[in-house]
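> Here's a structure for you.
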Amino acid sequence: MSFEFGRIQLVNLMREPAGDEYALTSPGPYWVRVWAGPREEDAQEELEAYRFFERFVIQLWP
């Protein structure tokens with residue numbers, strides 16, 4: 001994956017920011033590794049759309 005700018009930010013499917021903005025060491029090509037955890041449920045969440053969630057780890061290195 002290649003980045004033209006020195007900053008990145010994750011966005012959700014609704015194209016809204018999903019976290020902080022991060023600074024890269026430099027623009028250019030990066031290797032990317034993604035780990036996705038199992039789907040989990042928050043039984044206390046009242047809205048069904050937000051009841052189920054997954055955890056992700058994304059690693060980037062030049």
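Within each chain, counting starts at residue 1; across the structure tokens, chains are named A, B, ... in the order shown, with ligands numbered 1 upward in that order.
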What lies within 12 Å of Val11 (chain A) using only C-alpha atoms, ignoring chain neighbours under 5 positions off, as a PyMOL selection string?
chain A and resi 16-21
> Give the answer as one residue: which of A:Gly6, A:Val57, A:Phe52, A:Gln44 has the shortest atom-to-atom distance to Pro29 (chain A), using only C-alpha atoms?
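Looking only at the distances to Pro29 (chain A), the closest residue turns out to be A:Gly6.
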> Would you mind reading off the distance between CA of Leu10 (chain A) and CA of Phe56 (chain A), one decimal, in Å?
11.3 Å
> Could you pull out all residues of chain A with a DSSP call of strand (DSSP E or B) and give them as a PyMOL selection string?
chain A and resi 2-3+7-11+17-23+28-29+31-36+40-41+52-53+56-61
> Which residues, written as a ChimeraX atom specification, have at least one atom at most 8 Å from Gly28 (chain A), with only C-alpha atoms counted and residues fewer than 4 positions away on the same chain left out?
/A:2-5,62
